[in-house]
$ cat target08.txt   # compact mmCIF, C-alpha atoms
# COMPACT_ATOMS: atom_id res chain seq x y z
CA MET L 2 116.91 25.33 6.91
CA LYS L 3 116.67 22.75 9.60
CA THR L 4 116.34 19.25 8.23
CA PHE L 5 118.76 17.27 6.12
CA GLU L 6 116.19 17.08 3.32
CA GLU L 7 115.95 20.84 3.11
CA LYS L 8 119.72 21.28 3.12
CA PHE L 9 120.24 18.53 0.58
CA THR L 10 117.67 20.05 -1.77
CA ALA L 11 119.23 23.49 -1.41
CA TRP L 12 122.65 21.96 -2.07
CA VAL L 13 121.44 20.19 -5.23
CA ASP L 14 119.85 23.40 -6.51
CA GLY L 15 122.94 25.48 -5.76
CA GLN L 16 121.26 27.48 -3.02
CA LEU L 17 123.93 26.93 -0.37
CA ALA L 18 126.94 29.22 -0.08
CA GLY L 19 129.77 30.10 2.26
CA LYS L 20 129.87 28.49 5.67
CA GLU L 21 126.52 26.77 5.15
CA LEU L 22 127.85 25.01 2.05
CA ALA L 23 131.12 24.03 3.71
CA ASP L 24 129.34 22.74 6.81
CA PHE L 25 126.90 20.70 4.76
CA GLU L 26 129.53 19.14 2.53
CA ALA L 27 131.63 18.31 5.58
CA SER L 28 128.63 16.53 7.10
CA LEU L 29 128.16 14.22 4.10
CA PRO L 30 129.27 10.67 4.88
CA ASP L 31 130.25 9.99 1.26
CA LYS L 32 130.91 13.13 -0.77
CA ALA L 33 131.51 11.25 -4.03
CA ALA L 34 128.19 9.39 -3.75
CA ALA L 35 126.40 12.62 -2.92
CA ASP L 36 127.93 14.32 -5.97
CA GLU L 37 126.73 11.45 -8.11
CA GLU L 38 123.26 11.78 -6.59
CA LYS L 39 123.30 15.48 -7.35
CA ARG L 40 124.15 14.80 -11.01
CA ASP L 41 121.35 12.26 -11.11
CA VAL L 42 118.81 14.75 -9.76
CA LYS L 43 119.94 17.28 -12.36
CA LYS L 44 119.55 14.67 -15.07
CA LEU L 45 116.03 13.91 -13.87
CA GLY L 46 115.17 17.61 -13.92
CA SER L 47 116.46 18.07 -17.46
CA PHE L 48 114.61 14.97 -18.59
CA LEU L 49 111.30 16.14 -17.12
CA LYS L 50 111.75 19.61 -18.56
CA HIS L 51 112.51 18.16 -22.01
CA GLU L 52 109.61 15.73 -22.01
CA LEU L 53 106.89 17.79 -20.34
CA ALA L 54 107.51 21.39 -21.27
CA GLY L 55 106.29 21.12 -24.84
CA ASP L 56 102.58 20.65 -24.17
CA ARG L 57 100.46 23.03 -26.19
CA LEU L 58 96.85 24.01 -25.78
CA SER L 59 94.96 22.91 -28.87
CA ASN L 60 92.06 25.13 -29.93
CA ALA L 61 93.45 28.00 -27.89
CA ASP L 62 91.10 30.52 -29.47
CA PHE L 63 88.09 28.37 -28.65
CA PHE L 64 89.38 28.23 -25.07
CA ASN L 65 89.12 32.02 -24.86
CA HIS L 66 85.76 32.03 -26.63
CA GLN L 67 84.29 29.52 -24.21
CA LEU L 68 85.70 31.44 -21.27
CA ARG L 69 84.24 34.74 -22.51
CA GLU L 70 80.83 33.10 -22.85
CA ARG L 71 80.98 31.67 -19.37
CA ILE L 72 82.01 35.00 -17.90
CA ALA L 73 79.20 36.78 -19.75
CA ARG L 74 76.70 34.19 -18.58
CA GLU L 75 77.83 34.34 -14.97
CA THR L 76 77.86 38.13 -15.03
CA ALA L 77 74.29 38.12 -16.33
CA ASP L 78 73.26 35.63 -13.64
CA GLY L 79 74.92 37.82 -11.03
CA ASN L 80 73.03 40.87 -12.26
CA ARG L 81 69.74 39.00 -12.13
CA GLU L 82 70.44 37.86 -8.60
CA GLY L 83 71.37 41.38 -7.63
CA ALA L 84 68.17 42.78 -9.12
CA SER L 85 65.96 40.21 -7.45
CA SER L 86 67.66 40.67 -4.12
CA GLY L 87 66.30 44.28 -4.03
CA TRP L 88 62.79 42.89 -3.46
CA TRP L 89 63.92 41.86 0.02
CA THR L 90 64.51 45.40 1.10
CA LEU L 91 60.92 46.55 1.80
CA PRO L 92 57.79 44.49 1.19
CA ARG L 93 59.30 41.06 1.74
CA LEU L 94 61.10 42.20 4.85
CA VAL L 95 57.85 43.56 6.37
CA TRP L 96 55.94 40.41 5.51
CA SER L 97 58.68 38.23 6.93
CA ALA L 98 58.74 40.20 10.18
CA ALA L 99 54.94 40.09 10.53
CA THR L 100 54.84 36.35 9.87
CA ALA L 101 57.63 35.71 12.36
CA LEU L 102 55.81 37.79 15.01
CA ALA L 103 52.52 35.95 14.43
CA ILE L 104 54.22 32.57 14.72
CA PHE L 105 55.89 33.68 17.93
CA LEU L 106 52.62 34.87 19.48
CA ILE L 107 50.80 31.66 18.58
CA PHE L 108 53.60 29.63 20.05
CA ALA L 109 53.74 31.70 23.24
CA ILE L 110 49.97 31.50 23.83
CA THR L 111 49.90 27.78 23.23
CA VAL L 112 52.76 27.15 25.63
CA THR L 113 51.20 29.36 28.34
CA ARG L 114 47.88 27.53 28.08
CA GLU L 115 49.50 24.16 28.33
CA GLN L 116 51.36 25.26 31.44
CA ASN L 117 48.16 26.49 33.11
CA THR L 118 46.34 23.30 32.25
CA GLY L 119 49.20 21.36 33.72
CA ASP L 120 49.03 23.28 36.98
CA GLN L 121 45.31 22.65 37.38
CA SER L 122 45.46 19.02 36.58
CA ALA L 123 48.36 18.38 38.91
CA TYR L 124 46.48 19.19 42.14
CA LEU L 125 43.06 18.68 43.62
CA THR L 126 41.62 21.45 45.75
CA GLN L 127 38.59 21.16 47.98
CA ILE L 128 37.04 23.36 50.59
CA LEU L 129 36.60 21.30 53.71
CA ASN L 130 33.72 21.58 56.03
CA ALA L 131 35.67 23.33 58.72
CA ARG L 132 35.32 21.96 62.19
CA VAL L 133 35.87 25.29 63.78
CA ASP L 134 33.61 26.92 66.31
CA PRO L 135 31.85 29.72 64.37
CA ALA L 136 31.36 31.70 67.59
CA ILE L 137 35.07 31.89 68.24
CA ASN L 138 36.29 31.96 64.61
CA PRO L 139 33.44 33.40 62.50
CA ASN L 140 35.60 33.91 59.35
CA ALA L 141 37.68 30.78 59.55
CA SER L 142 38.01 28.49 56.57
CA VAL L 143 40.07 25.41 55.92
CA THR L 144 41.21 24.42 52.46
CA MET L 145 42.97 21.19 51.50
CA PHE L 146 45.36 20.84 48.63
CA GLU L 147 46.61 17.46 47.56
CA THR L 148 48.46 16.08 44.58
CA GLN L 149 46.62 13.64 42.38
CA ASN L 150 48.73 10.74 43.49
CA LYS L 151 48.16 11.87 47.08
CA ALA L 152 51.79 11.92 47.90
CA VAL L 153 51.45 15.37 49.44
CA THR L 154 48.53 16.98 51.25
CA VAL L 155 48.47 20.55 52.55
CA LEU L 156 45.84 22.02 54.83
CA TRP L 157 45.47 25.75 54.49
CA THR L 158 43.67 27.57 57.27
CA GLU L 159 42.59 31.18 57.19
CA GLY L 160 40.72 33.50 59.51
CA LEU L 161 41.48 31.76 62.80
CA GLN L 162 41.17 34.12 65.75
CA SER L 163 42.76 31.56 68.05
CA LEU L 164 43.70 27.92 68.04
CA PRO L 165 41.41 25.55 69.96
CA ALA L 166 42.88 24.83 73.40
CA ASP L 167 42.86 21.04 72.96
CA TYR L 168 44.55 21.37 69.51
CA ALA L 169 47.21 23.66 70.92
CA ALA L 170 47.83 21.21 73.76
CA ARG L 171 48.69 18.43 71.28
CA MET I 28 106.86 32.28 -15.96
CA GLN I 29 107.09 32.83 -19.67
CA THR I 30 104.13 34.09 -21.59
CA GLU I 31 102.93 32.99 -24.99
CA ALA I 32 105.15 33.95 -27.87
CA THR I 33 102.55 35.99 -29.68
CA PRO I 34 100.31 37.82 -27.26
CA ALA I 35 97.47 39.73 -28.85
CA GLN I 36 98.50 43.07 -27.31
CA PRO I 37 102.18 42.82 -26.45
CA ASP I 38 102.49 46.57 -25.88
CA VAL I 39 99.94 46.64 -23.04
CA SER I 40 101.54 46.27 -19.62
CA GLU I 41 100.23 43.69 -17.20
CA PRO I 42 99.42 46.19 -14.42
CA ASP I 43 97.29 48.15 -16.89
CA LEU I 44 95.45 45.02 -17.93
CA ILE I 45 94.84 44.12 -14.29
CA LYS I 46 93.45 47.58 -13.53
CA ARG I 47 91.11 47.32 -16.50
CA CYS I 48 90.01 43.86 -15.34
CA GLN I 49 89.29 45.25 -11.90
CA ALA I 50 87.12 47.87 -13.58
CA GLY I 51 85.12 45.02 -15.13
CA GLU I 52 86.63 45.05 -18.60
CA ALA I 53 86.34 41.50 -19.89
CA ASP I 54 88.50 42.21 -22.95
CA ALA I 55 91.47 42.98 -20.71
CA PHE I 56 90.97 39.70 -18.90
CA ASP I 57 90.81 37.95 -22.26
CA GLU I 58 94.27 39.33 -23.01
CA LEU I 59 95.63 38.06 -19.68
CA VAL I 60 94.14 34.65 -20.39
CA THR I 61 95.83 34.62 -23.79
CA ARG I 62 99.17 35.30 -22.13
CA TYR I 63 98.93 32.50 -19.59
CA ARG I 64 96.51 29.93 -20.97
CA THR I 65 99.15 27.62 -22.48
CA ARG I 66 101.28 27.49 -19.36
CA VAL I 67 98.27 27.05 -17.12
CA PHE I 68 96.87 24.29 -19.30
CA ALA I 69 100.23 22.50 -19.53
CA MET I 70 100.72 22.67 -15.78
CA ILE I 71 97.28 21.23 -15.10
CA TYR I 72 97.65 18.62 -17.81
CA ASN I 73 100.92 17.43 -16.28
CA MET I 74 99.12 16.97 -12.99
CA VAL I 75 95.94 15.27 -14.17
CA HIS I 76 97.08 13.61 -17.42
CA ASN I 77 93.78 14.06 -19.21
CA GLU I 78 93.22 16.74 -21.83
CA GLN I 79 89.52 17.26 -21.23
CA ASP I 80 89.93 17.46 -17.47
CA ALA I 81 92.84 19.85 -17.88
CA TRP I 82 90.74 22.04 -20.17
CA ASP I 83 87.84 22.14 -17.70
CA LEU I 84 90.10 22.84 -14.73
CA ALA I 85 91.89 25.61 -16.61
CA GLN I 86 88.51 27.16 -17.44
CA GLU I 87 87.39 26.91 -13.84
CA SER I 88 90.66 28.44 -12.64
CA PHE I 89 90.33 31.44 -14.96
CA ILE I 90 86.68 31.92 -13.98
CA LYS I 91 87.73 32.03 -10.33
CA ALA I 92 90.52 34.44 -11.18
CA TRP I 93 88.03 36.71 -12.96
CA LYS I 94 85.63 36.64 -10.02
CA SER I 95 88.31 37.48 -7.49
CA ILE I 96 90.55 39.79 -9.46
CA GLY I 97 89.03 42.72 -7.60
CA ARG I 98 90.86 41.49 -4.51
CA PHE I 99 94.25 41.26 -6.25
CA ARG I 100 96.45 43.89 -4.60
CA GLY I 101 99.69 43.27 -6.46
CA ARG I 102 101.60 42.07 -3.42
CA SER I 103 102.75 39.11 -5.50
CA SER I 104 103.21 38.83 -9.22
CA PHE I 105 100.07 38.14 -11.23
CA TYR I 106 101.23 34.73 -12.41
CA THR I 107 101.97 33.63 -8.84
CA TRP I 108 98.48 34.75 -7.90
CA VAL I 109 96.91 32.91 -10.84
CA TYR I 110 99.00 29.84 -10.15
CA ARG I 111 97.75 29.79 -6.60
CA ILE I 112 94.20 29.59 -7.89
CA VAL I 113 95.18 26.97 -10.45
CA MET I 114 96.86 24.84 -7.81
CA ASN I 115 93.95 25.10 -5.39
CA VAL I 116 91.49 24.07 -8.08
CA THR I 117 93.64 21.22 -9.37
CA ILE I 118 94.71 19.82 -6.01
CA ASP I 119 91.11 19.93 -4.76
CA TRP I 120 90.01 18.07 -7.87
CA LEU I 121 92.72 15.47 -7.46
CA ARG I 122 91.79 14.93 -3.84
CA LYS I 123 88.16 14.51 -4.73
CA ARG I 124 89.05 11.99 -7.36
CA GLN I 125 91.31 10.31 -4.82
CA VAL I 126 94.08 10.11 -7.34
CA LYS I 127 96.76 9.70 -4.76
CA GLY I 128 98.66 6.70 -6.00
CA ALA I 129 101.46 5.81 -3.62
CA GLY I 130 101.77 9.34 -2.36
CA ALA I 131 101.10 8.28 1.20
CA GLU I 132 104.74 7.50 1.73
CA PHE I 133 105.62 11.09 0.91
CA ASP I 134 104.86 12.31 4.33
CA ASP I 135 107.20 15.11 5.34
CA SER I 136 107.70 13.36 8.63
CA ILE I 137 109.71 10.57 7.00
CA GLN I 138 113.01 10.36 8.81
CA LEU I 139 116.42 10.51 7.21
CA LYS I 140 117.26 7.02 8.41
CA GLU I 141 114.56 5.66 6.12
CA ILE I 142 116.11 7.12 2.99
CA ASP I 143 119.78 7.65 2.54
CA PRO I 144 120.07 10.63 0.19
CA ALA I 145 123.49 9.53 -0.95
CA SER I 146 122.35 6.06 -1.82
CA LYS I 147 122.15 4.84 -5.36
CA THR I 148 118.54 4.27 -6.24
CA VAL I 149 117.58 1.16 -8.14
CA PRO I 150 114.74 1.11 -10.67
CA LYS I 151 111.88 -1.14 -9.68
CA ALA I 152 110.57 -1.80 -13.16
CA ASP I 153 112.31 -3.81 -15.80
CA PRO I 154 113.64 -1.39 -18.39
CA PRO I 155 112.04 -1.87 -21.77
CA PRO I 156 114.39 -2.20 -24.73
CA HIS I 157 115.71 1.24 -25.55
CA ALA I 158 115.19 0.79 -29.25
CA GLN I 159 111.44 0.22 -28.83
CA MET I 160 110.88 3.04 -26.51
CA GLU I 161 108.78 5.56 -28.36
CA ARG I 162 108.03 9.05 -27.14
CA ASP I 163 104.51 8.05 -26.13
CA GLU I 164 105.85 5.24 -24.05
CA ILE I 165 108.24 7.59 -22.30
CA ARG I 166 105.41 9.98 -21.65
CA ALA I 167 103.25 7.18 -20.32
CA ARG I 168 106.03 6.15 -17.95
CA ILE I 169 106.41 9.71 -16.72
CA ASN I 170 102.68 10.11 -16.23
CA LYS I 171 102.49 6.84 -14.35
CA ALA I 172 105.35 7.90 -12.10
CA ILE I 173 103.82 11.31 -11.42
CA ASP I 174 100.49 9.64 -10.64
CA GLN I 175 102.21 7.99 -7.71
CA LEU I 176 102.98 11.33 -6.13
CA SER I 177 100.56 13.13 -3.87
CA PRO I 178 98.95 16.25 -5.42
CA GLU I 179 101.19 18.52 -3.35
CA HIS I 180 104.38 16.70 -4.39
CA ARG I 181 103.33 16.78 -8.04
CA ALA I 182 102.75 20.49 -7.83
CA VAL I 183 106.12 21.17 -6.23
CA ILE I 184 108.23 19.18 -8.65
CA LEU I 185 106.41 20.44 -11.73
CA MET I 186 106.68 24.05 -10.65
CA LYS I 187 110.37 23.62 -9.89
CA GLU I 188 111.50 21.50 -12.81
CA ILE I 189 109.14 22.62 -15.58
CA GLU I 190 108.26 26.19 -14.62
CA GLU I 191 111.64 26.82 -13.00
CA MET I 192 109.98 28.74 -10.19
CA GLN I 193 111.93 29.78 -7.10
CA TYR I 194 111.30 28.16 -3.73
CA HIS I 195 109.60 31.26 -2.35
CA GLU I 196 107.31 31.50 -5.39
CA ILE I 197 106.28 27.86 -5.00
CA ALA I 198 105.73 28.39 -1.27
CA GLU I 199 103.58 31.43 -1.97
CA THR I 200 101.61 29.58 -4.62
CA LEU I 201 100.90 26.60 -2.38
CA GLY I 202 100.52 28.58 0.82
CA CYS I 203 103.22 26.67 2.70
CA SER I 204 106.70 27.34 4.04
CA ILE I 205 109.87 27.28 1.96
CA GLY I 206 111.12 24.42 4.15
CA THR I 207 108.05 22.39 3.26
CA VAL I 208 108.65 23.07 -0.43
CA MET I 209 112.26 21.87 -0.16
CA SER I 210 111.27 18.81 1.81
CA ARG I 211 108.54 17.86 -0.66
CA LEU I 212 110.95 18.42 -3.52
CA PHE I 213 113.45 16.06 -1.90
CA TYR I 214 110.96 13.21 -1.60
CA ALA I 215 109.34 13.81 -4.99
CA ARG I 216 112.73 13.68 -6.68
CA LYS I 217 113.65 10.53 -4.81
CA LYS I 218 110.44 8.85 -5.86
CA LEU I 219 110.80 9.83 -9.52
CA GLN I 220 114.44 8.77 -9.53
CA ASN I 221 113.36 5.36 -8.35
CA LEU I 222 110.61 5.07 -10.91
CA LEU I 223 112.23 6.67 -13.95
CA ARG I 224 115.95 6.08 -13.69
CA ASP I 225 115.96 3.43 -16.38
CA VAL I 226 114.18 5.83 -18.73
CA TYR I 227 116.18 9.02 -18.31
CA GLU I 228 119.50 7.22 -18.21
CA ASN I 229 118.85 5.64 -21.58
CA VAL I 230 117.21 8.49 -23.46

$ encode --input "target08.txt" --output "structure tokens"
Amino acid sequence: MKTFEEKFTAWVDGQLAGKELADFEASLPDKAAADEEKRDVKKLGSFLKHELAGDRLSNADFFNHQLRERIARETADGNREGASSGWWTLPRLVWSAATALAIFLIFAITVTREQNTGDQSAYLTQILNARVDPAINPNASVTMFETQNKAVTVLWTEGLQSLPADYAAR
Amino acid sequence: MQTEATPAQPDVSEPDLIKRCQAGEADAFDELVTRYRTRVFAMIYNMVHNEQDAWDLAQESFIKAWKSIGRFRGRSSFYTWVYRIVMNVTIDWLRKRQVKGAGAEFDDSIQLKEIDPASKTVPKADPPPHAQMERDEIRARINKAIDQLSPEHRAVILMKEIEEMQYHEIAETLGCSIGTVMSRLFYARKKLQNLLRDVYENV
């Protein structure tokens, strides 16, 4: 017991003994007033017990009857639920798995297609008429990539045997 | 807790009945209900003050007890276990109905300086003439006073004063500490003293 309220309640109900009781009573500022308060609490308790303890359940047998019916009904409902839940074990489980797989595949294909379409539409690609001497670089090709808003342009050269001397000088 | 005066099968022990209930025997549960129905109903009625509501809540409590009796391990007495269900059902119902009255002031954090336990409490209401005070009027005053307690404070004072349960039994029933029980009891008594002094001093 830590608080005054706890100790006071224990004191009123006769739950304190020995040193605890002596210490508590010594701590009371007005022992006579506290004793009177204790008698008052006891009186309240007796009053409540006298006035409230006599309540009886009318139609007690009907109470049991109604309860038995409810229990029987709920037990029957529970059995029905249990029986129907067995259907999940095989056919419904297989169907559910197949449906989930199909939905996943459709979703995955759709997303992949959209991504590809996005890649193509984001850039323009054109093969340029390469200004490369075919004698020196017979397999050379130049490709230009640029974004649609032309913020970035990339020239991609392949097959060059050597860079033109004037280009290298720049 | 006392049981009804005339149980249907007084020779059958409670542990036997519980075992039979756990095996799914509804008749055994019916016998347990017969033993505790009056006390359970009275306890709920004293908290909600309406016969029909008390009936329904008692039914719901016993249904829950039946459904979960398989988990009863006998670590506490059966009535403490049943009372715990009863209190959960009733306090939940009271909270939903927001029947809290003036219970807000019954916060356990209230400091001692706010209430002097040795002080003489003064009734707030004018006392009606003693000669005209019928039993129904007394009951109405008590109900009105209890309505001003929070559900938890109602439960504590009714279990202590009416059921004469020990602190540890109340704590177990409500799932709180013994200190909390004692603290709630202190404030519930104070409140009822304030509200009912004129009644119980003149009866």

$ interface_residues --input "target08.txt" --of "chain I" --to "chain L" --cutoff "9 Å" --atoms "all atoms listed in the file" --output "number ranges by chain"
I: 53-54, 57, 60-61, 64-66, 68-70, 72-73, 82, 86-87, 89-90, 93-94, 139, 144-148, 162, 165-166, 169, 184-185, 187-190, 205-214, 216-217, 219-220, 223-224, 227-228, 230

$ atom_distance --input "target08.txt" --atom1 "CA of Asp38 in chain I" --atom2 "CA of Val67 in chain I"
21.8 Å

$ residues_near_point --input "target08.txt" --point "(90.2, 12.9, -16.4)" --cutoff "12 Å" --atoms "only C-alpha atoms" --output "number ranges by chain"
I: 71-84, 117, 120-121, 123-126

$ axis_aligned_box --input "target08.txt" --around "range 70-80 of chain I" --padding-each-side "3 Å" --output "AutoDock Vina command-line options"
--center_x 95.2 --center_y 18.1 --center_z -17.4 --size_x 17.4 --size_y 15.1 --size_z 14.8
